[in-house]
Amino acid sequence: MAKVQFYPLDVVYKVVNNRTQIYLFGRTTDNKQICVIDENFEPYFYVLTKQIEDVQEKLVKIRVERDEDVSSVTKTEVVHKKLLSKETDAIKVYTKLPRDVPVIRDVIKEWEMIDSIHEYDIQFTRRYLIDKSIVPSTLVEVEGSEVNHKFRVPVFKADKITSLGDESLREPRVLAFDIETYNPDGESIQPEKNPMLMVAFYGEGLKKVITWKKFKTKSKEIEFADDEAGLIKRFKEIIREHQPDILTGYFSDGFDIPYIKTRAEKHKIKLDLGLDLSEVKVKAGKADTSKITGIVHLDIFKFIFKVMRGSLDTDSYKLDAVASELLGQKKKKVDLDKLAGIWDNKPEELERYCDYNLQDSFLTYELCKKMFPTLLELVKIVGLPIYAVNRMGFSQLVEGYLLKQAQQFNEIAPNKPHYDEISKRKMNTYKGAFVFEPKPGLYKDIVIFDYRSLYPSIISSHNISPGTLNCSCCEGEAETTPGEKEHKHWFCKKIKGFVPTIIGDLITRRMRIKEIIKKKEDKFLSARDQALKLLANSFYGYLGFFGARWYSIECARSVTGWGRFYIQDVISKARKNDFNVLYSDTDSVFLALGEKTRKDAEKFLEAINLGLPGLMEMEYEGFYPNGIFVSAKEGPYGAKKKYALMSEDGSLKIKGFEAVRRNWSFIAKEVQENVLNIILKENDTEKALTYVKTVVKELRNKEIPLDKVVIHTKLQKELGSYDAVGPHVAVAKEMKNKGVEIGIGSMVRYVVTSGTGRIRDRAKIPEDVKDKDYDFDYYINNQVIPSVEKIFEVLGFTKEELLRTKEQRKLERFFG
DNA sequence: CAGGGGCGGGG
DNA sequence: GTGTACGCCCCTG
């Protein structure tokens, strides 16, 4: 008997000789790859019934023949469990193989003596991890012996397997890759038809591009293969030699891996990268996935897109945009549309494309390294394999975590809703958060408070849980959710619910970590803090999500109901204390100090906190010497979620001035930013006004360079399929006539030139515009003025006043 | 305004 | 295969 300690990274199961085997792939503490086989786990599910003995008797008699197999129940036992906090006896029904579970369930679901069947659709590997308390990436000890197996790594058969706790593999061996393909201008991507041209790798001690068109180069990083088949073979070899724990790509689930797989099939090459010699599994569909047994295929794009989206500023998730925001680094600039032509006719120019390819793999590697700590912390909390967590959205993460915790709390999981139930749930809507309409204006000395983790702390403090809802024991005793006249929802005062217990645990863990980080920065603890925050903040959405097992619209409604109550409570108390309430959204209030001091505000905050229950707390978010709120597009009402603030260090916090984005000219964006700066930082309305007038004059005199008036718009569909010909479509057509390949996704740049008639007839390719022949009226009236109109309105100036020139003012004075 | 359809990322 | 399939934005009836 031997002992091995290792960090499991991937889990699969197989049925071998009619036995179910769990395979755990990972890295040992002495840094070797290993596979551990565990045969000591049986599939099971739960049956709820009032006639336990009768049902047990009938269950064990079931025989379903299928091909040469017989599905049957191997044993049953009665267990005491809870379902939504209600105590109940349940029959735990065991089968021989995982695939027997749905078969048996199909037989018994019609039995009238059965109330419900549960946990019949929990993936076998997940069930295994939960029941054995094994958390992927954290240390596990195995007792057993090495066995002979034709795998790429040593195989160990487990007699006993124990989790050793929290310590995890922090620096896994990561290999990033990226491919370039042959894709003639304007053609869509066709893996069946067009070959892969090059592959780049970036990893520890490895930096390499392989391509199969030879050209002269001094680069040591470029390697040549004979043909595409040779390239694919090298792709396989390099991964095998490098032995990564993680193979990462950017959108590699949807592009790189499926592409390579298709090309490999063309050449009748097996893409057998799995550590068990299995082939890469590509699942095509609405959400493509690519899995390699034993190696974690990590699509870093998917993680960033699904989980980090809310925390990023960029609204494009292209590698270039994401890398610039997260790494401060960009892609190499090459014209990819020309690659196919250069490949065919000018191979001597290919080196630039190799560099480009290599840079992409480098950025992918760096992104993976940067994001991995957060992903890993989610893995450790949720307890599922890295591969799975990488591809999960927030509700899946919450549900994964709840399923794991359910085992600890002896709760049986509610079932997933079926189609008709989903449609019913989708019909249910409820009121959301409270947003206070601001009075447009310029304000001084603004203090912002916000509730720390408002919704999670409400769930915890008000015991909001599907199992504690409207309990008979507290009817009339417990407070009902405020602000809901049609719905009476209350939550048990005696029994603490499953969801509040769990979320309370997340909140307190997070508080402890924050205390530590405050004293000393720590990359891994910050990642854990972020993971805990992401997860806790997802519970409210989960409760109202139609696909959730622990769905409860009553709970979701109560969360927002209490949320509105608490924020409105602060607003009315602030007013009683003579603060001027400027704005409020969901969990924050903006107060103008007026005659009061910051000390007064702090005292007020303390008083508020004394009155809050449980884990609820209001925090001091910040002080801003100046701020501006503008009115909505129509009418004198304040625009919600649209304001700008200046911090004491002079930096601006601009929210929701969304009109100025991609498809606006640079000059409009620039003027807006500058105006906000002048107003908030220098407090000089006259200067801002003069500045705008100057820009308007410069536009009239064509003193503004052409590149500042270029408008960028992306083609959203194929050129031929546009019904409405907007300016960008007209220009795209013109480009096409000139031989430029243009299609879906192409960025169209244009300038509106002078003249009369439709804008689209005057939109021109910037390069074709001579002598700054842009239509200054258009840029003044449709770009620059609209971008600042609302700001000046707040300051008491109308659009007309912005446009008025000195001469006009003189005339006005003259005519009185 | 509800409901269907298509896109995102990748070359 | 303890199947299964996202979520947002735009367009249309």
# chains A, B, ... in the order shown; residues from 1 in each chain; ligands from 1
>>> select_by_dssp(residues="segment 234-384 of chain A", states="strand (DSSP E)", output="list of chain:residue names")
A:Ile246, A:Leu247, A:Thr248, A:Gly249, A:Lys281, A:Val282, A:Lys283, A:Thr289, A:Ser290, A:Lys291, A:Val296, A:His297, A:Leu298, A:Asp299
>>> residues_around(residues="segment 4-10 of chain B", least_positions_apart="3", cutoff="12 Å", atoms="only C-alpha atoms (C1' of nucleotides)", output="VMD selection string")
(chain A and resid 178 to 181 183 188 to 191 249 to 259 286 to 288 299 to 306 315 to 322 360 716 to 717 744 to 745) or (chain C and resid 6 to 13)
>>> interface_residues(of="chain C", to="chain A", cutoff="7 Å", atoms="only C-alpha atoms (C1' of nucleotides)", output="MDAnalysis selection string")
chainID C and resid 1:2 5:6
>>> write_last_selection(atoms="all heavy atoms", output="mmCIF file, in the first residue's frame")
data_model
loop_
_atom_site.group_PDB
_atom_site.id
_atom_site.type_symbol
_atom_site.label_atom_id
_atom_site.label_comp_id
_atom_site.auth_asym_id
_atom_site.auth_seq_id
_atom_site.Cartn_x
_atom_site.Cartn_y
_atom_site.Cartn_z
ATOM 1 P P DG C 1 -22.805 14.155 -23.363
ATOM 2 O OP1 DG C 1 -22.764 15.579 -23.343
ATOM 3 O OP2 DG C 1 -21.561 13.400 -23.351
ATOM 4 O "O5'" DG C 1 -23.759 13.784 -22.157
ATOM 5 C "C5'" DG C 1 -23.436 12.686 -21.570
ATOM 6 C "C4'" DG C 1 -24.549 12.209 -20.710
ATOM 7 O "O4'" DG C 1 -25.597 11.646 -21.537
ATOM 8 C "C3'" DG C 1 -24.059 11.098 -19.800
ATOM 9 O "O3'" DG C 1 -24.717 11.192 -18.565
ATOM 10 C "C2'" DG C 1 -24.456 9.847 -20.576
ATOM 11 C "C1'" DG C 1 -25.766 10.288 -21.200
ATOM 12 N N9 DG C 1 -26.091 9.538 -22.413
ATOM 13 C C8 DG C 1 -25.444 9.541 -23.620
ATOM 14 N N7 DG C 1 -25.996 8.765 -24.505
ATOM 15 C C5 DG C 1 -27.075 8.196 -23.838
ATOM 16 C C6 DG C 1 -28.045 7.270 -24.281
ATOM 17 O O6 DG C 1 -28.150 6.749 -25.381
ATOM 18 N N1 DG C 1 -28.955 6.966 -23.279
ATOM 19 C C2 DG C 1 -28.938 7.485 -22.018
ATOM 20 N N2 DG C 1 -29.877 7.077 -21.203
ATOM 21 N N3 DG C 1 -28.036 8.360 -21.596
ATOM 22 C C4 DG C 1 -27.145 8.663 -22.540
ATOM 23 P P DT C 2 -23.932 10.923 -17.208
ATOM 24 O OP1 DT C 2 -23.181 12.083 -16.825
ATOM 25 O OP2 DT C 2 -23.272 9.606 -17.367
ATOM 26 O "O5'" DT C 2 -25.132 10.757 -16.190
ATOM 27 C "C5'" DT C 2 -26.344 10.194 -16.676
ATOM 28 C "C4'" DT C 2 -27.559 10.725 -15.909
ATOM 29 O "O4'" DT C 2 -27.616 10.123 -14.600
ATOM 30 C "C3'" DT C 2 -27.603 12.239 -15.676
ATOM 31 O "O3'" DT C 2 -28.948 12.642 -15.840
ATOM 32 C "C2'" DT C 2 -27.180 12.388 -14.219
ATOM 33 C "C1'" DT C 2 -27.780 11.127 -13.628
ATOM 34 N N1 DT C 2 -27.146 10.665 -12.388
ATOM 35 C C2 DT C 2 -27.667 11.069 -11.188
ATOM 36 O O2 DT C 2 -28.616 11.821 -11.093
ATOM 37 N N3 DT C 2 -27.032 10.574 -10.090
ATOM 38 C C4 DT C 2 -25.943 9.719 -10.069
ATOM 39 O O4 DT C 2 -25.455 9.341 -9.019
ATOM 40 C C5 DT C 2 -25.442 9.332 -11.358
ATOM 41 C C7 DT C 2 -24.284 8.402 -11.473
ATOM 42 C C6 DT C 2 -26.063 9.819 -12.435
ATOM 43 P P DA C 5 -27.135 22.426 -21.113
ATOM 44 O OP1 DA C 5 -26.090 21.394 -20.985
ATOM 45 O OP2 DA C 5 -27.784 22.962 -19.901
ATOM 46 O "O5'" DA C 5 -26.535 23.625 -21.926
ATOM 47 C "C5'" DA C 5 -26.410 23.569 -23.333
ATOM 48 C "C4'" DA C 5 -27.383 24.510 -24.024
ATOM 49 O "O4'" DA C 5 -28.094 23.784 -25.077
ATOM 50 C "C3'" DA C 5 -28.504 25.125 -23.150
ATOM 51 O "O3'" DA C 5 -28.505 26.524 -23.327
ATOM 52 C "C2'" DA C 5 -29.790 24.477 -23.683
ATOM 53 C "C1'" DA C 5 -29.395 24.306 -25.139
ATOM 54 N N9 DA C 5 -30.240 23.413 -25.912
ATOM 55 C C8 DA C 5 -31.602 23.312 -25.872
ATOM 56 N N7 DA C 5 -32.125 22.458 -26.700
ATOM 57 C C5 DA C 5 -31.018 21.933 -27.355
ATOM 58 C C6 DA C 5 -30.883 20.962 -28.362
ATOM 59 N N6 DA C 5 -31.904 20.324 -28.917
ATOM 60 N N1 DA C 5 -29.637 20.684 -28.801
ATOM 61 C C2 DA C 5 -28.603 21.326 -28.278
ATOM 62 N N3 DA C 5 -28.593 22.246 -27.313
ATOM 63 C C4 DA C 5 -29.846 22.503 -26.891
ATOM 64 P P DC C 6 -29.542 27.522 -22.590
ATOM 65 O OP1 DC C 6 -30.408 26.645 -21.785
ATOM 66 O OP2 DC C 6 -30.181 28.391 -23.594
ATOM 67 O "O5'" DC C 6 -28.731 28.456 -21.602
ATOM 68 C "C5'" DC C 6 -27.334 28.253 -21.337
ATOM 69 C "C4'" DC C 6 -26.677 29.612 -21.235
ATOM 70 O "O4'" DC C 6 -26.068 29.955 -22.502
ATOM 71 C "C3'" DC C 6 -27.664 30.729 -20.909
ATOM 72 O "O3'" DC C 6 -27.130 31.528 -19.877
ATOM 73 C "C2'" DC C 6 -27.814 31.512 -22.195
ATOM 74 C "C1'" DC C 6 -26.498 31.234 -22.921
ATOM 75 N N1 DC C 6 -26.640 31.201 -24.404
ATOM 76 C C2 DC C 6 -26.049 32.223 -25.159
ATOM 77 O O2 DC C 6 -25.440 33.129 -24.584
ATOM 78 N N3 DC C 6 -26.174 32.192 -26.503
ATOM 79 C C4 DC C 6 -26.848 31.205 -27.103
ATOM 80 N N4 DC C 6 -26.945 31.221 -28.417
ATOM 81 C C5 DC C 6 -27.457 30.152 -26.350
ATOM 82 C C6 DC C 6 -27.332 30.190 -25.019
#
>>> residues_around(residues="Leu376 of chain A", least_positions_apart="5", cutoff="10 Å", atoms="only C-alpha atoms (C1' of nucleotides)", output="compact mmCIF listing (two decimals) with all heavy atoms, in the first residue's frame")
# COMPACT_ATOMS: atom_id res chain seq x y z
N PRO A 136 -11.87 20.08 -6.39
CA PRO A 136 -10.83 20.13 -7.41
C PRO A 136 -9.82 21.24 -7.11
O PRO A 136 -10.19 22.30 -6.62
CB PRO A 136 -11.61 20.45 -8.69
CG PRO A 136 -12.94 19.85 -8.44
CD PRO A 136 -13.21 20.06 -6.98
N SER A 137 -8.57 20.93 -7.40
CA SER A 137 -7.43 21.84 -7.21
C SER A 137 -6.95 21.91 -5.76
O SER A 137 -5.95 22.55 -5.49
CB SER A 137 -7.69 23.25 -7.75
OG SER A 137 -8.35 24.03 -6.78
N THR A 138 -7.67 21.29 -4.82
CA THR A 138 -7.15 21.28 -3.44
C THR A 138 -6.63 19.89 -3.08
O THR A 138 -7.05 18.89 -3.65
CB THR A 138 -8.22 21.69 -2.40
OG1 THR A 138 -9.17 20.63 -2.29
CG2 THR A 138 -8.91 22.98 -2.78
N SER A 168 -4.29 24.71 -2.15
CA SER A 168 -4.56 24.42 -3.56
C SER A 168 -3.33 24.64 -4.44
O SER A 168 -2.37 25.29 -4.05
CB SER A 168 -5.70 25.29 -4.07
OG SER A 168 -5.31 26.64 -4.03
N LEU A 169 -3.39 24.08 -5.63
CA LEU A 169 -2.34 24.26 -6.62
C LEU A 169 -2.46 25.67 -7.16
O LEU A 169 -3.36 25.99 -7.91
CB LEU A 169 -2.53 23.25 -7.75
CG LEU A 169 -1.49 23.26 -8.85
CD1 LEU A 169 -0.16 22.76 -8.33
CD2 LEU A 169 -1.93 22.43 -10.03
N ARG A 170 -1.54 26.53 -6.75
CA ARG A 170 -1.69 27.94 -7.08
C ARG A 170 -1.08 28.30 -8.42
O ARG A 170 -1.54 29.21 -9.10
CB ARG A 170 -1.06 28.81 -6.01
CG ARG A 170 -1.91 28.87 -4.77
CD ARG A 170 -1.27 29.78 -3.77
NE ARG A 170 -2.20 30.09 -2.70
CZ ARG A 170 -1.94 30.96 -1.75
NH1 ARG A 170 -0.79 31.60 -1.74
NH2 ARG A 170 -2.82 31.20 -0.80
N MET A 371 -6.38 36.08 -14.61
CA MET A 371 -7.73 35.71 -14.19
C MET A 371 -7.77 34.44 -13.34
O MET A 371 -8.73 34.20 -12.63
CB MET A 371 -8.62 35.47 -15.43
CG MET A 371 -8.91 36.71 -16.22
SD MET A 371 -9.85 37.83 -15.18
CE MET A 371 -8.75 39.18 -15.08
N ILE A 381 -14.70 27.42 -3.92
CA ILE A 381 -15.96 27.67 -3.20
C ILE A 381 -17.05 26.72 -3.71
O ILE A 381 -17.75 26.08 -2.95
CB ILE A 381 -16.43 29.13 -3.37
CG1 ILE A 381 -15.39 30.10 -2.81
CG2 ILE A 381 -17.77 29.34 -2.69
CD1 ILE A 381 -15.61 31.54 -3.21
N VAL A 382 -17.18 26.67 -5.03
CA VAL A 382 -18.28 25.92 -5.63
C VAL A 382 -17.99 24.42 -5.63
O VAL A 382 -18.91 23.59 -5.60
CB VAL A 382 -18.54 26.44 -7.07
CG1 VAL A 382 -19.59 25.62 -7.78
CG2 VAL A 382 -18.97 27.90 -7.02
N GLY A 383 -16.70 24.06 -5.66
CA GLY A 383 -16.33 22.65 -5.55
C GLY A 383 -16.46 21.86 -6.83
O GLY A 383 -16.52 20.63 -6.79
N PRO A 385 -15.04 21.12 -11.01
CA PRO A 385 -13.78 21.19 -11.74
C PRO A 385 -13.58 22.53 -12.46
O PRO A 385 -14.56 23.19 -12.82
CB PRO A 385 -13.90 20.06 -12.76
CG PRO A 385 -14.92 19.13 -12.19
CD PRO A 385 -15.86 19.99 -11.42
N ILE A 386 -12.32 22.89 -12.67
CA ILE A 386 -11.98 24.15 -13.32
C ILE A 386 -12.68 24.25 -14.68
O ILE A 386 -13.22 25.28 -15.04
CB ILE A 386 -10.45 24.27 -13.52
CG1 ILE A 386 -9.74 24.10 -12.19
CG2 ILE A 386 -10.09 25.61 -14.14
CD1 ILE A 386 -8.23 23.93 -12.31
N VAL A 389 -16.34 25.23 -14.07
CA VAL A 389 -16.53 26.58 -13.54
C VAL A 389 -16.20 27.64 -14.60
O VAL A 389 -16.85 28.67 -14.70
CB VAL A 389 -15.68 26.78 -12.26
CG1 VAL A 389 -15.72 28.22 -11.78
CG2 VAL A 389 -16.19 25.85 -11.16
N ASN A 390 -15.20 27.34 -15.42
CA ASN A 390 -14.81 28.23 -16.51
C ASN A 390 -16.00 28.57 -17.41
O ASN A 390 -16.09 29.65 -17.97
CB ASN A 390 -13.72 27.53 -17.33
CG ASN A 390 -13.29 28.29 -18.58
OD1 ASN A 390 -13.61 29.46 -18.76
ND2 ASN A 390 -12.54 27.63 -19.42
N PHE A 524 -3.93 36.43 -3.71
CA PHE A 524 -4.85 35.30 -3.64
C PHE A 524 -6.06 35.62 -2.77
O PHE A 524 -7.17 35.21 -3.08
CB PHE A 524 -4.12 34.05 -3.14
CG PHE A 524 -3.05 33.62 -4.10
CD1 PHE A 524 -1.72 33.92 -3.85
CD2 PHE A 524 -3.39 32.96 -5.27
CE1 PHE A 524 -0.73 33.56 -4.76
CE2 PHE A 524 -2.41 32.58 -6.19
CZ PHE A 524 -1.07 32.88 -5.93
N ALA A 527 -8.36 37.76 -4.73
CA ALA A 527 -9.12 36.92 -5.66
C ALA A 527 -10.26 36.22 -4.92
O ALA A 527 -11.37 36.11 -5.43
CB ALA A 527 -8.20 35.89 -6.31
N ARG A 528 -9.98 35.77 -3.71
CA ARG A 528 -11.03 35.10 -2.95
C ARG A 528 -12.14 36.09 -2.59
O ARG A 528 -13.32 35.78 -2.68
CB ARG A 528 -10.46 34.49 -1.66
CG ARG A 528 -11.50 33.70 -0.88
CD ARG A 528 -10.90 32.90 0.23
NE ARG A 528 -9.86 32.02 -0.27
CZ ARG A 528 -9.11 31.25 0.51
NH1 ARG A 528 -9.28 31.25 1.81
NH2 ARG A 528 -8.17 30.48 -0.03
N ALA A 531 -14.19 36.54 -5.63
CA ALA A 531 -15.02 35.36 -5.91
C ALA A 531 -16.22 35.31 -4.95
O ALA A 531 -17.35 35.05 -5.37
CB ALA A 531 -14.19 34.10 -5.78
>>> atom_distance(atom1="atom CA of Tyr551 of chain A", atom2="atom CA of Gln51 of chain A")
28.1 Å
>>> residues_around(residues="segment 556-563 of chain A", least_positions_apart="6", cutoff="7 Å", atoms="only C-alpha atoms (C1' of nucleotides)", output="PyMOL selection string")
chain A and resi 430-433+455+458-459+481-483+540+543-544
>>> select_by_dssp(residues="segment 369-492 of chain A", states="helix (DSSP H, G or I)", output="VMD selection string")
chain A and resid 369 to 382 386 to 390 394 to 408 419 to 427 454 to 461 472 to 474
>>> atom_distance(atom1="atom CA of Gln405 of chain A", atom2="atom CA of Val499 of chain A")
9.6 Å
>>> atom_distance(atom1="atom CA of Lys523 of chain A", atom2="atom CA of Val4 of chain A")
29.0 Å
